[in-house]
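J.: Coordinates in query_34.tsv, TSV, C-alpha atoms, are listed below.
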```
chain	number	residue	atom	x	y	z
I	1	MET	CA	5.76	-9.54	16.18
I	2	ALA	CA	9.03	-9.73	14.15
I	3	ALA	CA	8.28	-6.46	12.36
I	4	ALA	CA	7.37	-4.79	15.64
I	5	LEU	CA	10.60	-5.98	17.28
I	6	ALA	CA	12.68	-4.77	14.32
I	7	THR	CA	10.96	-1.39	14.51
I	8	ALA	CA	11.86	-1.27	18.20
I	9	GLY	CA	15.51	-1.95	17.33
I	10	GLN	CA	15.56	-5.57	18.53
I	11	LEU	CA	16.97	-7.12	15.33
I	12	ASP	CA	18.42	-10.26	16.94
I	13	HIS	CA	15.13	-11.03	18.67
I	14	ALA	CA	13.27	-10.32	15.41
I	15	THR	CA	15.52	-12.79	13.55
I	16	GLU	CA	14.82	-15.48	16.16
I	17	VAL	CA	11.09	-14.92	15.74
I	18	THR	CA	11.31	-15.25	11.94
I	19	GLN	CA	13.33	-18.47	12.26
I	20	GLU	CA	10.64	-19.94	14.49
I	21	ALA	CA	7.98	-18.70	12.05
I	22	GLU	CA	9.75	-20.38	9.12
I	23	GLU	CA	9.89	-23.70	10.97
I	24	LEU	CA	6.18	-23.43	11.68
I	25	ALA	CA	5.38	-22.46	8.08
I	26	ARG	CA	7.33	-25.40	6.65
I	27	SER	CA	5.54	-27.77	9.01
I	28	ILE	CA	2.18	-26.91	7.39
I	29	THR	CA	1.09	-29.92	5.35
I	30	ASP	CA	-1.47	-28.22	3.12
I	31	PRO	CA	0.54	-26.98	0.05
I	32	HIS	CA	-1.55	-23.84	-0.51
I	33	ASN	CA	-1.55	-22.76	3.13
I	34	GLN	CA	2.17	-23.41	3.38
I	35	ALA	CA	2.81	-21.28	0.28
I	36	VAL	CA	0.74	-18.41	1.69
I	37	ALA	CA	2.56	-18.60	5.04
I	38	LEU	CA	6.01	-18.62	3.39
I	39	SER	CA	5.04	-15.75	1.09
I	40	ASN	CA	3.89	-13.69	4.07
I	41	LEU	CA	7.11	-14.48	5.94
I	42	ALA	CA	9.20	-13.45	2.92
I	43	GLY	CA	7.42	-10.11	3.08
I	44	VAL	CA	8.31	-9.70	6.75
I	45	LEU	CA	11.96	-10.57	6.03
I	46	ALA	CA	12.08	-7.95	3.29
I	47	GLU	CA	10.49	-5.43	5.63
I	48	ILE	CA	13.22	-5.91	8.25
I	49	GLY	CA	16.04	-5.77	5.68
I	50	GLN	CA	16.95	-9.46	5.36
I	51	PHE	CA	16.86	-9.38	1.55
I	52	ASP	CA	18.98	-12.42	0.67
I	53	ARG	CA	17.05	-14.61	3.06
I	54	ALA	CA	13.77	-13.17	1.74
I	55	GLU	CA	14.71	-14.00	-1.86
I	56	THR	CA	15.86	-17.52	-0.98
I	57	LEU	CA	12.64	-18.14	0.89
I	58	ALA	CA	10.52	-16.67	-1.92
I	59	ARG	CA	12.17	-18.83	-4.57
I	60	SER	CA	11.63	-21.93	-2.43
I	61	ILE	CA	7.85	-21.49	-2.68
I	62	THR	CA	6.52	-24.10	-5.10
I	63	ASP	CA	3.17	-22.41	-5.78
I	64	SER	CA	3.87	-20.11	-8.76
I	65	ARG	CA	1.40	-17.36	-7.85
I	66	ASN	CA	2.54	-17.04	-4.23
I	67	GLN	CA	6.18	-17.16	-5.32
I	68	ALA	CA	5.51	-14.36	-7.82
I	69	ALA	CA	3.75	-12.28	-5.16
I	70	ALA	CA	6.64	-12.71	-2.73
I	71	LEU	CA	9.23	-11.74	-5.37
I	72	ARG	CA	7.15	-8.73	-6.40
I	73	ASN	CA	6.99	-7.55	-2.79
I	74	LEU	CA	10.75	-7.94	-2.38
I	75	ALA	CA	11.44	-6.09	-5.65
I	76	GLY	CA	9.29	-3.22	-4.40
I	77	VAL	CA	11.18	-2.97	-1.12
I	78	LEU	CA	14.52	-3.02	-2.96
I	79	ALA	CA	13.33	-0.27	-5.32
I	80	GLU	CA	12.30	1.89	-2.37
I	81	ILE	CA	15.83	1.79	-0.93
I	82	GLY	CA	17.49	2.51	-4.27
I	83	GLN	CA	18.71	-0.98	-5.23
I	84	PHE	CA	17.32	-0.49	-8.73
I	85	ASP	CA	19.41	-3.00	-10.69
I	86	ARG	CA	18.59	-5.84	-8.30
I	87	ALA	CA	14.94	-4.77	-8.13
I	88	GLU	CA	14.58	-4.71	-11.93
I	89	ALA	CA	16.37	-8.03	-12.38
I	90	LEU	CA	14.13	-9.57	-9.76
I	91	ALA	CA	11.01	-8.09	-11.37
I	92	ARG	CA	11.92	-9.36	-14.84
I	93	SER	CA	12.66	-12.82	-13.41
I	94	ILE	CA	9.01	-13.19	-12.36
I	95	THR	CA	7.29	-15.52	-14.81
I	96	GLU	CA	3.68	-14.78	-13.77
I	97	SER	CA	2.64	-11.86	-16.01
I	98	ARG	CA	0.43	-9.88	-13.61
I	99	ASN	CA	2.96	-9.81	-10.79
I	100	GLN	CA	5.79	-9.04	-13.19
I	101	ALA	CA	3.86	-6.03	-14.53
I	102	ALA	CA	3.13	-4.85	-10.99
I	103	ALA	CA	6.77	-5.28	-9.92
I	104	LEU	CA	7.98	-3.22	-12.89
I	105	SER	CA	5.39	-0.55	-12.14
I	106	ASP	CA	6.60	-0.42	-8.53
I	107	LEU	CA	10.05	0.45	-9.87
I	108	VAL	CA	8.92	3.47	-11.93
I	109	GLY	CA	8.13	5.82	-9.05
I	110	PRO	CA	11.37	5.35	-7.08
I	111	LEU	CA	13.43	5.75	-10.27
I	112	ALA	CA	11.61	8.98	-11.12
I	113	GLU	CA	12.05	10.30	-7.58
I	114	VAL	CA	15.85	10.21	-7.93
I	115	GLY	CA	15.79	11.81	-11.39
I	116	GLN	CA	16.26	8.69	-13.52
I	117	LEU	CA	13.35	9.74	-15.74
I	118	ASP	CA	14.48	8.12	-18.99
I	119	ARG	CA	15.03	4.78	-17.29
I	120	ALA	CA	11.71	5.11	-15.46
I	121	GLU	CA	9.85	5.81	-18.71
I	122	GLY	CA	11.62	2.92	-20.44
I	123	VAL	CA	10.51	0.55	-17.68
I	124	ALA	CA	6.94	1.91	-17.84
I	125	ARG	CA	6.70	1.49	-21.61
I	126	SER	CA	8.06	-2.08	-21.37
I	127	ILE	CA	5.02	-3.19	-19.36
I	128	SER	CA	2.68	-5.32	-21.47
I	129	ASP	CA	-0.49	-4.99	-19.36
I	130	LEU	CA	-2.53	-1.95	-20.54
I	131	PHE	CA	-3.83	-1.00	-17.10
I	132	VAL	CA	-0.46	-1.23	-15.40
I	133	ARG	CA	1.29	0.61	-18.25
I	134	SER	CA	-1.26	3.44	-18.04
I	135	TRP	CA	-0.77	3.59	-14.26
I	136	ALA	CA	3.02	3.63	-14.58
I	137	LEU	CA	2.97	6.38	-17.21
I	138	SER	CA	0.64	8.46	-15.04
I	139	SER	CA	3.20	8.14	-12.24
I	140	LEU	CA	5.66	10.00	-14.45
I	141	ILE	CA	3.49	13.08	-15.06
I	142	GLY	CA	4.44	14.81	-11.80
I	143	PRO	CA	8.19	14.10	-11.91
I	144	LEU	CA	8.41	15.17	-15.56
I	145	ALA	CA	6.61	18.45	-14.85
I	146	LYS	CA	8.75	19.06	-11.77
I	147	ALA	CA	11.87	18.61	-13.91
I	148	GLY	CA	10.57	21.28	-16.30
I	149	ASN	CA	9.47	18.89	-19.05
I	150	LEU	CA	5.88	20.22	-19.15
I	151	ASN	CA	5.22	19.42	-22.79
I	152	HIS	CA	6.44	15.85	-22.38
I	153	ALA	CA	4.41	15.52	-19.16
I	154	ASN	CA	1.23	16.52	-21.04
I	155	GLN	CA	2.12	14.11	-23.85
I	156	VAL	CA	2.57	11.25	-21.37
I	157	ALA	CA	-0.77	12.18	-19.72
I	158	ARG	CA	-2.58	11.96	-23.05
I	159	GLN	CA	-0.96	8.59	-23.74
I	160	ALA	CA	-1.94	7.29	-20.30
I	161	GLU	CA	-5.52	8.48	-20.84
I	162	ALA	CA	-5.68	6.84	-24.29
I	163	LEU	CA	-4.46	3.55	-22.83
I	164	ALA	CA	-7.05	3.79	-20.06
I	165	CYS	CA	-9.85	4.09	-22.61
I	166	PHE	CA	-8.84	0.74	-24.13
I	167	ILE	CA	-9.06	-1.11	-20.80
I	168	ALA	CA	-11.99	-3.52	-21.03
I	169	ASP	CA	-12.92	-3.71	-17.33
I	170	GLN	CA	-14.85	-0.66	-16.12
I	171	ASP	CA	-13.44	-0.85	-12.61
I	172	MET	CA	-9.85	-0.94	-13.85
I	173	GLN	CA	-10.57	1.86	-16.30
I	174	ALA	CA	-11.97	3.99	-13.48
I	175	VAL	CA	-8.87	3.34	-11.37
I	176	ALA	CA	-6.53	4.24	-14.24
I	177	LEU	CA	-8.40	7.49	-14.96
I	178	SER	CA	-8.47	8.53	-11.31
I	179	HIS	CA	-4.73	7.87	-10.93
I	180	MET	CA	-4.04	10.03	-14.00
I	181	ALA	CA	-6.34	12.74	-12.59
I	182	ALA	CA	-4.38	12.83	-9.34
I	183	ALA	CA	-1.17	13.34	-11.27
I	184	LEU	CA	-2.70	16.11	-13.39
I	185	ALA	CA	-4.03	17.90	-10.29
I	186	THR	CA	-0.51	18.13	-8.88
I	187	VAL	CA	0.93	19.79	-12.01
I	188	GLY	CA	-1.58	22.59	-12.39
I	189	GLN	CA	-4.07	20.95	-14.73
I	190	PRO	CA	-7.26	21.17	-12.58
I	191	ASP	CA	-9.77	21.21	-15.47
I	192	HIS	CA	-8.31	18.13	-17.16
I	193	ALA	CA	-8.02	16.46	-13.76
I	194	ASP	CA	-11.64	17.20	-12.81
I	195	HIS	CA	-12.88	15.92	-16.17
I	196	ALA	CA	-11.03	12.64	-15.61
I	197	LEU	CA	-12.38	12.40	-12.04
I	198	GLN	CA	-15.94	12.87	-13.25
I	199	GLN	CA	-15.41	10.12	-15.84
I	200	ALA	CA	-13.94	7.84	-13.17
I	201	GLU	CA	-16.78	8.44	-10.71
I	202	ALA	CA	-19.44	7.85	-13.37
I	203	LEU	CA	-17.73	4.61	-14.36
I	204	ALA	CA	-17.41	3.50	-10.72
I	205	ARG	CA	-21.08	4.12	-9.96
I	206	SER	CA	-22.16	2.27	-13.13
I	207	ILE	CA	-20.38	-0.98	-12.19
I	208	THR	CA	-22.98	-3.64	-11.44
I	209	ASP	CA	-20.79	-6.05	-9.47
I	210	PRO	CA	-20.96	-4.83	-5.82
I	211	ASP	CA	-17.37	-5.81	-4.93
I	212	ASN	CA	-15.85	-4.21	-8.00
I	213	ARG	CA	-17.99	-1.09	-7.57
I	214	ALA	CA	-16.90	-0.71	-3.94
I	215	ALA	CA	-13.23	-1.17	-4.90
I	216	ALA	CA	-13.43	1.44	-7.66
I	217	GLN	CA	-15.18	3.92	-5.38
I	218	SER	CA	-12.64	3.30	-2.61
I	219	ASN	CA	-9.79	4.02	-4.98
I	220	LEU	CA	-11.47	7.25	-6.03
I	221	VAL	CA	-11.84	8.26	-2.36
I	222	SER	CA	-8.06	7.94	-1.98
I	223	VAL	CA	-7.45	10.07	-5.05
I	224	LEU	CA	-9.87	12.79	-3.93
I	225	ALA	CA	-8.25	12.84	-0.50
I	226	GLU	CA	-4.79	12.96	-2.06
I	227	ILE	CA	-5.63	16.15	-3.97
I	228	GLY	CA	-7.28	17.77	-0.96
I	229	GLN	CA	-10.96	17.33	-1.84
I	230	PHE	CA	-11.77	16.02	1.65
I	231	ASP	CA	-15.51	16.72	1.79
I	232	ARG	CA	-16.09	15.11	-1.60
I	233	ALA	CA	-13.94	12.15	-0.53
I	234	GLU	CA	-15.86	11.61	2.71
I	235	THR	CA	-19.23	11.88	0.96
I	236	LEU	CA	-18.17	9.24	-1.57
I	237	ALA	CA	-16.67	7.00	1.15
I	238	ARG	CA	-19.86	7.03	3.19
I	239	SER	CA	-21.87	6.11	0.07
I	240	ILE	CA	-19.97	2.80	-0.24
I	241	THR	CA	-22.37	0.06	0.84
I	242	ASP	CA	-19.68	-2.52	1.72
I	243	LEU	CA	-18.89	-1.55	5.33
I	244	PHE	CA	-15.42	-3.11	5.35
I	245	VAL	CA	-14.40	-1.26	2.18
I	246	GLN	CA	-16.00	1.90	3.55
I	247	SER	CA	-13.83	1.60	6.67
I	248	TRP	CA	-10.66	1.25	4.61
I	249	SER	CA	-11.69	4.23	2.49
I	250	LEU	CA	-12.16	6.36	5.58
I	251	SER	CA	-8.75	5.18	6.82
I	252	SER	CA	-7.19	6.47	3.61
I	253	LEU	CA	-8.94	9.78	4.18
I	254	VAL	CA	-7.57	9.85	7.75
I	255	SER	CA	-4.03	9.59	6.38
I	256	HIS	CA	-4.43	12.58	4.10
I	257	LEU	CA	-6.25	14.63	6.73
I	258	ALA	CA	-3.39	14.03	9.16
I	259	LYS	CA	-0.80	15.08	6.59
I	260	ALA	CA	-2.83	18.24	5.93
I	261	GLY	CA	-2.85	19.06	9.64
I	262	GLN	CA	-6.55	18.33	10.18
I	263	ILE	CA	-5.82	16.13	13.20
I	264	GLU	CA	-9.15	16.53	15.01
I	265	ARG	CA	-11.15	15.49	11.96
I	266	ALA	CA	-8.75	12.56	11.41
I	267	GLU	CA	-9.23	11.42	15.03
I	268	GLU	CA	-13.02	11.66	14.75
I	269	LEU	CA	-12.99	9.41	11.69
I	270	THR	CA	-10.67	6.94	13.45
I	271	HIS	CA	-13.01	6.69	16.44
I	272	SER	CA	-15.88	5.89	14.07
I	273	THR	CA	-14.29	2.66	12.79
I	274	THR	CA	-15.24	-0.78	14.10
I	275	ASN	CA	-12.42	-2.68	12.34
I	276	ALA	CA	-9.23	-3.45	14.28
I	277	VAL	CA	-6.81	-3.40	11.36
I	278	VAL	CA	-8.32	-0.23	9.93
I	279	ALA	CA	-8.12	1.50	13.32
I	280	ALA	CA	-4.49	0.44	13.72
I	281	GLU	CA	-3.59	1.72	10.26
I	282	ALA	CA	-5.37	5.01	10.90
I	283	ILE	CA	-3.55	5.55	14.19
I	284	GLY	CA	-0.25	4.79	12.48
I	285	GLU	CA	-1.02	7.52	9.96
I	286	ILE	CA	-1.94	10.09	12.62
I	287	ALA	CA	0.97	9.41	15.01
I	288	PRO	CA	3.74	11.19	13.03
I	289	TYR	CA	1.68	14.39	12.87
I	290	THR	CA	0.58	14.71	16.48
I	291	SER	CA	2.10	14.72	19.96
I	292	LYS	CA	3.21	11.55	21.76
I	293	HIS	CA	0.56	12.25	24.38
I	294	LYS	CA	-2.23	12.20	21.79
I	295	SER	CA	-0.73	9.16	20.06
I	296	ARG	CA	-0.67	7.28	23.39
I	297	LYS	CA	-4.30	8.20	24.03
I	298	LEU	CA	-5.32	6.87	20.62
I	299	LEU	CA	-3.32	3.67	21.12
I	300	THR	CA	-4.83	3.17	24.57
I	301	TRP	CA	-8.30	3.57	23.10
I	302	ALA	CA	-7.48	1.09	20.32
I	303	LEU	CA	-6.01	-1.47	22.74
I	304	SER	CA	-9.17	-1.30	24.84
I	305	LYS	CA	-11.21	-2.30	21.78
I	306	PHE	CA	-9.01	-4.28	19.38
I	307	ARG	CA	-6.16	-6.75	18.98
I	308	SER	CA	-4.00	-6.40	15.86
I	309	ASP	CA	-0.40	-7.06	14.71
I	310	THR	CA	-0.48	-3.71	12.92
I	311	LEU	CA	-1.36	-2.08	16.22
I	312	LEU	CA	1.77	-3.64	17.77
I	313	VAL	CA	3.95	-2.12	15.04
I	314	ASN	CA	2.44	1.30	15.66
I	315	ILE	CA	2.96	0.92	19.42
I	316	ALA	CA	6.64	0.16	18.67
I	317	LYS	CA	6.94	3.44	16.78
I	318	VAL	CA	5.46	5.48	19.63
I	319	GLU	CA	6.62	3.47	22.69
I	320	PRO	CA	9.34	0.86	21.87
I	321	SER	CA	9.67	-0.19	25.52
I	322	ALA	CA	6.02	-1.29	25.55
I	323	ILE	CA	6.73	-3.83	22.79
I	324	LEU	CA	9.59	-5.30	24.82
I	325	ARG	CA	7.25	-5.73	27.77
I	326	ILE	CA	4.59	-7.35	25.55
I	327	ALA	CA	7.21	-9.64	23.96
I	328	GLY	CA	8.41	-10.66	27.41
I	329	ILE	CA	4.89	-11.49	28.53
I	330	THR	CA	4.29	-13.50	25.33
I	331	THR	CA	7.54	-15.44	25.77
I	332	ARG	CA	6.85	-16.24	29.42
I	333	THR	CA	3.32	-17.39	28.57
I	334	ALA	CA	4.65	-19.68	25.81
I	335	ASP	CA	7.30	-21.12	28.14
I	336	LYS	CA	4.67	-21.99	30.74
I	337	LYS	CA	2.76	-23.98	28.12
```
So that I can check it, write out the structure of this file as structure tokens.

T.:
Amino acid sequence: MAAALATAGQLDHATEVTQEAEELARSITDPHNQAVALSNLAGVLAEIGQFDRAETLARSITDSRNQAAALRNLAGVLAEIGQFDRAEALARSITESRNQAAALSDLVGPLAEVGQLDRAEGVARSISDLFVRSWALSSLIGPLAKAGNLNHANQVARQAEALACFIADQDMQAVALSHMAAALATVGQPDHADHALQQAEALARSITDPDNRAAAQSNLVSVLAEIGQFDRAETLARSITDLFVQSWSLSSLVSHLAKAGQIERAEELTHSTTNAVVAAEAIGEIAPYTSKHKSRKLLTWALSKFRSDTLLVNIAKVEPSAILRIAGITTRTADKK
């Protein structure tokens, strides 16, 4: 509700809600559940721009993994709004290696987007985890090519591919290769990109663990959709046997279809989902690319079938006044109790 209220411009009300949520979170007696609740709340605070409070809350979490996750999330938000020094300092302060690597990787893209390519590459190469370093380097291929550094972009692509081949886990290797392929496809290297995609798909299908196989295939669906191979993406998505992962994969496809202007096909896929969160995410992706009338129709359909916090946020984007009415109803109901 806090994120939805902030989106609707009700910052004071959103702050009140987060204060109440913090009191509730700190009243949880189970240490793990309390840590998860505080970590989630830190994410909400970062999302609504209360960065100092988010960092204080994150550092108060005693569970090291949840603290690291909360700090990583905050560092990512700071990087997205251009606060690079604070984001990098925060990322390097994380003691848990996996989240530190992820936080540094999250910094590479935003740095590259504003032309700080040398700094972005330095951050990428400082990452110790092979998978994350390969991913971060792949993120630089497009920006380097766009800046006219084609030879260096190809060199970085080869280095990212070489790193990917040394990754022990097949699912992670498939993800790294598909990410590199997406970058290559955007810089006019379709043959190299398709070769990497074929490698990634073969690896994904060969994974014996069902969960890991579904995750690798889902990632590949996103990549195929990102580069405009919609039919191939949908075919692969529908071949995923885990129905929940399949739904998320189709949601990713919806996002790219909407951006490409294929609204009717995006709506058809959205109507086919049976998962509330997935439907809400899909509608949120379609809304910016269609009329308010169509967005309202989709939201009405979703509200008749599902209940979801994500759906509330998307309602706030389309119809802020509706969120105020819902918040008023919620408050009155709580007061009566």

J.: Which is closest to Ala214 of chain I among I:Val156, I:Ala185, I:Ala202, I:Val245, if we use all atoms listed in the file?

T.: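 Looking at the shortest contact to Ala214 of chain I, the residue is I:Val245.
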
J.: I:Thr208, I:Ser139, I:Ser251, I:Ser64: which is nearest Val123 of chain I, counting all atoms listed in the file?

T.: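 Nearest to Val123 of chain I: I:Ser139.
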
J.: So, with all atoms listed in the file as the atoms that count, which of I:Ser105, I:Gln170, I:Thr300, I:Gln189 lies closest to Leu150 of chain I?

T.: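 Of the candidates, the smallest distance to Leu150 of chain I is held by I:Gln189.
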
J.: One decimal, in Å: what's the spacing between atom CA of Ala75 of chain I and atom CA of Glu22 of chain I?

T.: 20.6 Å

J.: In Å, with one decimal, what is the gap from atom CA of Phe166 of chain I to atom CA of Gly188 of chain I?

T.: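 If I compute the distance from atom CA of Phe166 of chain I to atom CA of Gly188 of chain I, I get 25.8 Å.
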
J.: Check the smallest atom-to-atom distance from each of I:Gln100, I:Gln217, I:Ser255, I:Ser126 to Asp171 of chain I using all atoms listed in the file, then report the winner.

T.: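 The shortest atom-to-atom distance to Asp171 of chain I comes from I:Gln217.
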
J.: Go ahead and compute the interatomic distance for atom CA of Pro110 of chain I and atom CA of Leu144 of chain I, in Å to one decimal.

T.: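 So the answer is 13.3 Å.
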